[in-house]
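These notes concern the structure reproduced below.
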Amino acid sequence: MKNNINSIKSGGSGEHIALLHGWGFNAAIWQKTAQTLANNAQVNCIDLPGHGHSPMPVGDYNIETLADRVAETLPEQGNLIGWSLGGMVAMQIALRHPQKIKKLILVASIARFVRDDDWRYAISTEILQQFSESLNNNTQQTLQRFIALQIMGNDESRVILRKLRELMNSNEAPHPAALQGGLKILQEVDLRNQLSKITQPTLMIFGKRDTLSRPKTARQMLPLLPNAQLEIINGAGHAPFLSHNEHFTNLIKQFIKDQ
């Protein structure tokens, strides 16, 4: 089947780095990060299916389909960065297509997005259910509410809020079915029992003030990954690559450089 996934390639040579955005956004969210990383690497920012210029996939909109479609665009043994929902897709790629990933970087992304008795620091499923219901009434307003959640507690929250709004509006609006499908993935997918199969070196980057993917949840997840390390950026919220870009990119460059 022909893959029509859209990607934005930046110049550079050396290691391959692909970046996956989060729910409701598109590849443009990585613009500043990609420019920095492209000094030492070949960088590819990918629109998830139904976002940006990537069409909706045929069939069900589920994490397996997203992982398979994105994996078709990736080189063998490249480095993959996934933010939030994009991180869940990246974990699924590591599980289904391990030969594609040399090193994995998870940004504000956890194996289960909502809480349960053993995962009590995650958000409540009711929050995502409310977003799902409101999407049918006012998509744009729902997206703006989701952005507001992401900047809570962040240093320079007004600046980050403006950046997130600009980046969300810098491309075509996500397909409504992709938004609903993405929320369903965030509500229902639980990868915790499979994390032991992800043996690639993994870097987890979280913001200390993130209220969606809390550092406490990251610490719970860390021992479930056989070869992982955790970095928490002080003052950052859910989008540390925007609020603390230099620190963020330095962590990635060092991680990829390390043998």
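Chain lettering (A, B, ...) mirrors the order of the structure tokens, residue numbering begins at 1 for each chain separately, and ligand numbering begins at 1 in order of display.
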task = For segment 112-117 of chain A, please output as a count of residues only all residues within 9 Å (counting only C-alpha atoms; exclusion window: fewer than 5 positions along the same chain).
result = 18
message = Env of segment 247-253 of chain A: 12 Å cut, atoms = only C-alpha atoms, seq-sep filter 5 positions within chain, self excluded. Answer as a count of residues only.
response = 45
inquiry  = Using DSSP secondary structure from the backbone, list all strand (DSSP E or B) positions within segment 127-208 of chain A, as number ranges by chain.
reply    = A: 190, 202-207
Please write the residues from the selection above to a file, keeping C-alpha atoms, as an mmCIF file, in the first residue's frame.
data_model
loop_
_atom_site.group_PDB
_atom_site.id
_atom_site.type_symbol
_atom_site.label_atom_id
_atom_site.label_comp_id
_atom_site.auth_asym_id
_atom_site.auth_seq_id
_atom_site.Cartn_x
_atom_site.Cartn_y
_atom_site.Cartn_z
ATOM 1 C CA ASP A 190 -1.922 0.743 28.011
ATOM 2 C CA THR A 202 15.649 5.104 25.765
ATOM 3 C CA LEU A 203 15.753 8.682 27.023
ATOM 4 C CA MET A 204 12.688 10.031 28.821
ATOM 5 C CA ILE A 205 12.466 13.839 29.005
ATOM 6 C CA PHE A 206 9.802 15.391 31.212
ATOM 7 C CA GLY A 207 9.010 18.867 32.493
#
query = Which of these residues is nearest to Gln99 of chain A, using only C-alpha atoms: A:Gly78, A:Pro223, A:Gly59, A:Gly50?
reply =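 Counting only C-alpha atoms, the residue closest to Gln99 of chain A is A:Gly78.
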task = Name the closest residue to Gly11 of chain A among the candidates A:Pro226, A:Asp68, A:Phe25, A:Cys45; distances are taken between atoms, counting only C-alpha atoms.
result =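 Between A:Pro226, A:Asp68, A:Phe25, A:Cys45, the residue approaching Gly11 of chain A most closely is A:Cys45.
DSSP on the backbone gives alpha helix (DSSP H) for these parts of segment 198-227 of chain A: Pro215, Lys216, Thr217, Ala218, Arg219, Gln220 and Met221 of chain A.
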task = Using only C-alpha atoms, pick whichever of A:Phe255, A:Tyr61, A:Trp23, A:Trp119 has the shortest atom-to-atom distance to Arg214 of chain A.
result =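 That would be A:Trp119, the residue with the smallest distance to Arg214 of chain A.
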request  = Write out as an MDAnalysis selection string the residues lying within 9 Å of Thr199 of chain A, counting only C-alpha atoms and excluding same-chain residues fewer than 4 positions away.
outcome  = chainID A and resid 94 98 195 225:228
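Considering the residues A:Ala177, A:Val89, A:Met221, A:Leu66 and counting only C-alpha atoms, Asn136 of chain A has its shortest atom-to-atom contact with A:Ala177.
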ask   = Closest to Gly181 of chain A among A:Ala67, A:Met56, A:Met91, A:Ile198, using only C-alpha atoms?
value =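 Counting only C-alpha atoms, the residue closest to Gly181 of chain A is A:Met56.
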task = Check the smallest atom-to-atom distance from each of A:Thr217, A:Gly87, A:Leu95, A:Lys100 to Pro75 of chain A using only C-alpha atoms, then report the winner.
result =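 The closest residue to Pro75 of chain A is A:Lys100.
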